[in-house]
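Data block for final-v7.cif (mmCIF, C-alpha atoms):
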```
data_final
#
loop_
_atom_site.group_PDB
_atom_site.id
_atom_site.type_symbol
_atom_site.label_atom_id
_atom_site.label_comp_id
_atom_site.auth_asym_id
_atom_site.auth_seq_id
_atom_site.Cartn_x
_atom_site.Cartn_y
_atom_site.Cartn_z
ATOM 1 C CA MET A 146 0.000 0.000 0.000
ATOM 2 C CA THR A 147 1.474 3.364 -0.996
ATOM 3 C CA ASP A 148 1.368 6.418 1.250
ATOM 4 C CA HIS A 149 -1.130 7.971 -1.161
ATOM 5 C CA VAL A 150 -3.903 5.504 -0.329
ATOM 6 C CA VAL A 151 -3.279 4.872 3.378
ATOM 7 C CA PRO A 152 -6.413 6.055 5.251
ATOM 8 C CA HIS A 153 -6.193 9.189 7.374
ATOM 9 C CA TRP A 154 -8.645 8.126 10.071
ATOM 10 C CA GLY A 155 -8.619 11.508 11.777
ATOM 11 C CA ALA A 156 -9.778 13.069 8.496
ATOM 12 C CA SER A 157 -12.315 10.404 7.559
ATOM 13 C CA GLY A 158 -16.009 10.560 6.771
ATOM 14 C CA LEU A 159 -18.607 7.806 6.514
ATOM 15 C CA ILE A 160 -20.739 7.375 3.389
ATOM 16 C CA ILE A 161 -23.729 5.063 3.827
ATOM 17 C CA ILE A 162 -25.167 4.007 0.476
ATOM 18 C CA ASP A 163 -28.850 3.292 -0.228
ATOM 19 C CA MET A 164 -29.809 1.706 3.093
ATOM 20 C CA GLN A 165 -33.511 2.126 2.323
ATOM 21 C CA ALA A 166 -36.516 -0.047 3.031
ATOM 22 C CA ASP A 167 -37.276 -0.861 -0.608
ATOM 23 C CA PHE A 168 -33.772 -2.268 -1.053
ATOM 24 C CA ALA A 169 -34.097 -4.670 1.876
ATOM 25 C CA SER A 170 -34.884 -7.475 -0.570
ATOM 26 C CA ILE A 171 -31.396 -7.222 -2.102
ATOM 27 C CA GLY A 172 -29.500 -10.195 -0.739
ATOM 28 C CA GLY A 173 -27.474 -9.464 2.379
ATOM 29 C CA THR A 174 -28.737 -5.922 2.913
ATOM 30 C CA VAL A 175 -30.790 -6.634 6.030
ATOM 31 C CA GLU A 176 -27.948 -8.734 7.398
ATOM 32 C CA VAL A 177 -25.383 -5.900 7.170
ATOM 33 C CA ALA A 178 -27.710 -3.298 8.718
ATOM 34 C CA PRO A 179 -26.460 -3.847 12.316
ATOM 35 C CA ARG A 180 -22.872 -3.210 11.242
ATOM 36 C CA VAL A 181 -23.911 -0.085 9.349
ATOM 37 C CA ASP A 182 -25.471 1.127 12.600
ATOM 38 C CA GLU A 183 -22.238 0.287 14.480
ATOM 39 C CA LEU A 184 -20.170 2.319 12.025
ATOM 40 C CA ALA A 185 -22.517 5.291 12.194
ATOM 41 C CA SER A 186 -22.421 5.235 15.993
ATOM 42 C CA ALA A 187 -18.623 5.109 15.979
ATOM 43 C CA PHE A 188 -18.339 8.053 13.601
ATOM 44 C CA ARG A 189 -20.737 10.061 15.769
ATOM 45 C CA ARG A 190 -18.661 9.321 18.855
ATOM 46 C CA ALA A 191 -15.544 10.428 16.996
ATOM 47 C CA GLY A 192 -17.230 13.627 15.796
ATOM 48 C CA ARG A 193 -16.604 12.707 12.158
ATOM 49 C CA PRO A 194 -18.972 13.518 9.262
ATOM 50 C CA ILE A 195 -21.640 11.062 8.132
ATOM 51 C CA VAL A 196 -23.555 11.140 4.834
ATOM 52 C CA HIS A 197 -26.615 8.976 4.193
ATOM 53 C CA ILE A 198 -26.898 8.666 0.419
ATOM 54 C CA VAL A 199 -30.372 7.857 -0.923
ATOM 55 C CA ARG A 200 -32.112 7.134 -4.197
ATOM 56 C CA LEU A 201 -35.537 8.580 -4.976
ATOM 57 C CA TYR A 202 -37.449 7.557 -8.076
ATOM 58 C CA PRO A 203 -40.296 9.934 -8.931
ATOM 59 C CA PRO A 204 -42.519 8.192 -11.492
ATOM 60 C CA GLY A 205 -41.228 8.919 -14.982
ATOM 61 C CA SER A 206 -38.024 10.567 -13.750
ATOM 62 C CA PRO A 207 -35.279 10.814 -16.379
ATOM 63 C CA ASP A 208 -32.840 9.918 -13.592
ATOM 64 C CA ILE A 209 -34.130 6.378 -13.223
ATOM 65 C CA ASP A 210 -31.231 4.158 -14.282
ATOM 66 C CA LEU A 211 -31.652 2.657 -17.752
ATOM 67 C CA PRO A 212 -31.969 -0.976 -16.554
ATOM 68 C CA ARG A 213 -34.826 0.076 -14.254
ATOM 69 C CA ARG A 214 -36.523 2.609 -16.481
ATOM 70 C CA GLY A 215 -40.159 1.817 -17.155
ATOM 71 C CA VAL A 216 -40.256 -1.041 -14.665
ATOM 72 C CA THR A 217 -39.298 0.339 -11.276
ATOM 73 C CA THR A 218 -41.761 1.435 -8.631
ATOM 74 C CA ILE A 219 -39.273 1.422 -5.755
ATOM 75 C CA ALA A 220 -38.102 4.286 -3.516
ATOM 76 C CA ALA A 221 -40.833 6.654 -4.671
ATOM 77 C CA PRO A 222 -40.689 10.010 -2.849
ATOM 78 C CA GLY A 223 -42.928 10.140 0.192
ATOM 79 C CA THR A 224 -43.413 6.379 0.452
ATOM 80 C CA PRO A 225 -42.271 4.178 3.353
ATOM 81 C CA GLY A 226 -40.065 2.260 0.937
ATOM 82 C CA ALA A 227 -37.850 5.299 0.443
ATOM 83 C CA GLY A 228 -37.185 5.522 4.185
ATOM 84 C CA LEU A 229 -33.858 4.738 5.829
ATOM 85 C CA LEU A 230 -33.342 1.145 6.898
ATOM 86 C CA ALA A 231 -30.187 1.681 8.972
ATOM 87 C CA GLY A 232 -27.709 4.354 9.969
ATOM 88 C CA PRO A 233 -29.515 7.253 11.651
ATOM 89 C CA ALA A 234 -29.453 7.675 15.420
ATOM 90 C CA ALA A 235 -33.216 8.277 15.435
ATOM 91 C CA PRO A 236 -35.993 7.805 12.869
ATOM 92 C CA VAL A 237 -35.716 10.257 9.979
ATOM 93 C CA GLU A 238 -38.542 11.429 7.752
ATOM 94 C CA LEU A 239 -37.003 12.231 4.397
ATOM 95 C CA ASP A 240 -37.756 15.666 2.932
ATOM 96 C CA ALA A 241 -38.118 14.576 -0.695
ATOM 97 C CA GLY A 242 -38.585 18.083 -2.058
ATOM 98 C CA LEU A 243 -35.408 19.321 -0.398
ATOM 99 C CA LEU A 244 -33.393 16.272 -1.410
ATOM 100 C CA LEU A 245 -34.546 16.233 -5.016
ATOM 101 C CA SER A 246 -33.501 19.889 -5.295
ATOM 102 C CA GLY A 247 -29.950 18.757 -4.582
ATOM 103 C CA ARG A 248 -29.740 20.244 -1.103
ATOM 104 C CA PRO A 249 -28.685 18.226 1.948
ATOM 105 C CA GLN A 250 -31.106 17.355 4.734
ATOM 106 C CA GLU A 251 -29.394 17.819 8.082
ATOM 107 C CA VAL A 252 -30.151 15.037 10.545
ATOM 108 C CA GLY A 253 -27.476 15.683 13.172
ATOM 109 C CA ASP A 254 -24.279 17.559 13.897
ATOM 110 C CA GLY A 255 -22.107 16.933 10.852
ATOM 111 C CA GLU A 256 -24.622 14.392 9.536
ATOM 112 C CA ILE A 257 -26.761 14.744 6.426
ATOM 113 C CA VAL A 258 -28.927 12.882 3.957
ATOM 114 C CA LEU A 259 -28.094 13.542 0.306
ATOM 115 C CA PHE A 260 -29.902 12.409 -2.848
ATOM 116 C CA LYS A 261 -27.890 11.001 -5.721
ATOM 117 C CA PRO A 262 -29.515 10.859 -9.159
ATOM 118 C CA ARG A 263 -27.489 7.914 -10.495
ATOM 119 C CA TRP A 264 -25.160 5.114 -9.357
ATOM 120 C CA GLY A 265 -22.265 7.102 -7.904
ATOM 121 C CA ALA A 266 -22.678 9.392 -4.899
ATOM 122 C CA PHE A 267 -20.428 12.110 -6.357
ATOM 123 C CA TYR A 268 -22.152 12.384 -9.736
ATOM 124 C CA ARG A 269 -24.179 15.617 -9.964
ATOM 125 C CA THR A 270 -24.190 16.062 -6.181
ATOM 126 C CA ASP A 271 -22.599 18.440 -3.677
ATOM 127 C CA LEU A 272 -20.888 15.582 -1.849
ATOM 128 C CA GLU A 273 -17.283 16.459 -2.656
ATOM 129 C CA ARG A 274 -17.643 20.108 -1.611
ATOM 130 C CA TRP A 275 -19.475 19.132 1.600
ATOM 131 C CA LEU A 276 -16.779 16.626 2.572
ATOM 132 C CA ARG A 277 -13.872 18.920 1.693
ATOM 133 C CA SER A 278 -15.387 21.762 3.714
ATOM 134 C CA ARG A 279 -15.238 19.459 6.751
ATOM 135 C CA GLY A 280 -11.638 18.444 6.254
ATOM 136 C CA VAL A 281 -12.374 14.961 4.921
ATOM 137 C CA ASP A 282 -9.741 13.320 2.742
ATOM 138 C CA THR A 283 -10.643 9.683 3.489
ATOM 139 C CA VAL A 284 -14.047 8.133 2.822
ATOM 140 C CA VAL A 285 -15.354 4.949 4.404
ATOM 141 C CA VAL A 286 -18.125 3.376 2.324
ATOM 142 C CA CYS A 287 -20.768 0.890 3.445
ATOM 143 C CA GLY A 288 -24.364 0.024 2.578
ATOM 144 C CA CYS A 289 -26.377 -1.632 -0.127
ATOM 145 C CA ASN A 290 -25.346 -3.651 -3.172
ATOM 146 C CA LEU A 291 -21.601 -3.416 -3.799
ATOM 147 C CA PRO A 292 -21.666 -4.100 -7.579
ATOM 148 C CA ASN A 293 -23.749 -0.986 -8.226
ATOM 149 C CA CYS A 294 -23.696 2.154 -6.104
ATOM 150 C CA PRO A 295 -20.960 1.490 -3.505
ATOM 151 C CA ARG A 296 -18.573 0.402 -6.243
ATOM 152 C CA ALA A 297 -19.366 3.425 -8.431
ATOM 153 C CA THR A 298 -18.937 5.711 -5.420
ATOM 154 C CA LEU A 299 -15.522 4.250 -4.577
ATOM 155 C CA PHE A 300 -14.310 4.759 -8.143
ATOM 156 C CA GLU A 301 -15.609 8.332 -8.164
ATOM 157 C CA ALA A 302 -13.961 9.044 -4.804
ATOM 158 C CA SER A 303 -10.641 7.703 -6.053
ATOM 159 C CA GLU A 304 -10.914 9.848 -9.186
ATOM 160 C CA ARG A 305 -11.229 12.861 -6.857
ATOM 161 C CA ASP A 306 -8.140 11.846 -4.857
ATOM 162 C CA PHE A 307 -9.966 10.766 -1.736
ATOM 163 C CA ARG A 308 -8.389 7.904 0.179
ATOM 164 C CA THR A 309 -10.937 5.105 0.129
ATOM 165 C CA VAL A 310 -12.010 2.379 2.549
ATOM 166 C CA LEU A 311 -14.698 -0.272 2.123
ATOM 167 C CA ALA A 312 -16.222 -1.808 5.249
ATOM 168 C CA THR A 313 -16.377 -5.285 3.768
ATOM 169 C CA ASP A 314 -18.824 -6.793 6.273
ATOM 170 C CA ALA A 315 -21.114 -3.741 6.211
ATOM 171 C CA VAL A 316 -21.944 -3.845 2.504
ATOM 172 C CA SER A 317 -24.199 -6.303 0.701
ATOM 173 C CA GLN A 318 -23.465 -8.403 -2.388
ATOM 174 C CA THR A 319 -19.727 -8.789 -1.890
ATOM 175 C CA SER A 320 -17.618 -11.463 -3.542
ATOM 176 C CA PRO A 321 -13.883 -12.186 -3.616
ATOM 177 C CA GLU A 322 -13.684 -10.997 -7.217
ATOM 178 C CA ARG A 323 -15.446 -7.689 -6.484
ATOM 179 C CA LEU A 324 -13.263 -7.019 -3.465
ATOM 180 C CA ALA A 325 -10.112 -7.821 -5.437
ATOM 181 C CA ASP A 326 -11.136 -5.362 -8.160
ATOM 182 C CA LEU A 327 -11.483 -2.598 -5.574
ATOM 183 C CA ALA A 328 -8.211 -3.439 -3.856
ATOM 184 C CA GLY A 329 -6.637 -3.084 -7.291
ATOM 185 C CA ILE A 330 -7.513 0.629 -7.420
ATOM 186 C CA GLY A 331 -6.192 1.266 -3.918
ATOM 187 C CA VAL A 332 -9.316 0.764 -1.824
ATOM 188 C CA THR A 333 -8.466 -0.350 1.728
ATOM 189 C CA LEU A 334 -10.562 -3.384 2.640
ATOM 190 C CA SER A 335 -11.417 -3.392 6.358
ATOM 191 C CA THR A 336 -13.979 -5.029 8.600
ATOM 192 C CA THR A 337 -16.317 -2.960 10.734
ATOM 193 C CA ALA A 338 -14.286 -3.812 13.828
ATOM 194 C CA GLU A 339 -11.073 -2.726 12.111
ATOM 195 C CA VAL A 340 -12.590 0.576 11.000
ATOM 196 C CA ILE A 341 -13.917 1.309 14.481
ATOM 197 C CA GLY A 342 -10.594 0.371 16.070
ATOM 198 C CA SER A 343 -8.641 2.604 13.705
ATOM 199 C CA LEU A 344 -11.074 5.466 14.178
ATOM 200 C CA SER A 345 -10.844 5.185 17.956
ATOM 201 C CA ALA A 346 -7.058 5.250 17.816
ATOM 202 C CA ALA A 347 -6.841 8.282 15.515
#
```

Re-express the file's structure as structure tokens.
Amino acid sequence: MTDHVVPHWGASGLIIIDMQADFASIGGTVEVAPRVDELASAFRRAGRPIVHIVRLYPPGSPDIDLPRRGVTTIAAPGTPGAGLLAGPAAPVELDAGLLLSGRPQEVGDGEIVLFKPRWGAFYRTDLERWLRSRGVDTVVVCGCNLPNCPRATLFEASERDFRTVLATDAVSQTSPERLADLAGIGVTLSTTAEVIGSLSAA
């Protein structure tokens, strides 16, 4: 591991991807929810930023991903299925109008919900500016469905020169091949316990 990808735990932020009720049926997502909660709690204790990334699919939206266009009815704004499945310290009612406008919804000190229109959390969002303004240079990613949105987010983060960490037991749909691909671009692969230990020691 080169010095350029070694995590700076004291400058880290947590990105929780798509932990929403309508995605609970994706294999492994419910099972990783407790570890997502553990990570969020640890980042709160450390006073480090947390971002809950969500998808919202208004009927007929041009931002519905092509494979789902015309067939999806999930995560519709204002429905229970769009709600957060894990991560927040207390129940959160999403403000769909605010989120769809591209603005963050504050849910705690240094903790927001942010809507992403496509796979990656940095694409057409204010995520990079928000993280940089809080001194973040290392992102820890967890959440739902590694092959899609967490993976895209890690690539986008690397392209923006963030140091990247994947909490391997706090993300659904992992496989040895997928993890090896990410390690190949400099992503640090850590368990939840390892992340929390490193964060506590920073």

message = Give me the residues near Leu159 of chain A as a ChimeraX atom specification, where near means some atom within 12 Å (using all atoms listed in the file) and where sequence neighbours in that chain fewer than 6 positions away do not count.
response = /A:181-189,191-198,232,255-258,272,276,281-288,309-312,315,337,340-341,344

Counting only C-alpha atoms, which residues of segment 152-179 of chain A sit at most 10 Å from some atom of segment 206-229 of chain A, and what is each one's closest atom pair with its distance in Å to one decimal, listed by chain and rising residue number, as CSV?
```
residue,atom,partner,partner_atom,distance
A:Asp163,CA,A:Leu229,CA,8.0
A:Met164,CA,A:Leu229,CA,5.8
A:Gln165,CA,A:Leu229,CA,4.4
A:Ala166,CA,A:Gly226,CA,4.7
A:Asp167,CA,A:Gly226,CA,4.5
A:Phe168,CA,A:Gly226,CA,8.0
A:Ala169,CA,A:Gly226,CA,9.2
```

ask   = Do you have the atom CA of Val150 of chain A-atom CA of Arg263 of chain A distance handy?
value =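 Atom-to-atom, atom CA of Val150 of chain A and atom CA of Arg263 of chain A are spaced 25.8 Å apart.
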
task = Would you write out, as a VMD selection string, every residue that the PyMOL selection byres ((chain A and resi 259) around 12) captures in this file?
result = chain A and resid 160 to 163 195 to 201 229 239 to 252 256 to 258 260 to 262 265 to 273 275 to 276

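Of the listed residues A:Leu299, A:Val316, A:Ala346, A:Ala235, the one whose atoms come nearest to Ala328 of chain A is A:Leu299, with distances taken using all atoms listed in the file.
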
query = Skipping near chain neighbours, those fewer than 5 positions away, what residues fall within 10 Å of Asp314 of chain A using all atoms listed in the file, listed as a ChimeraX atom specification?
reply = /A:173,176-178,180-181,287-288,319,334-338
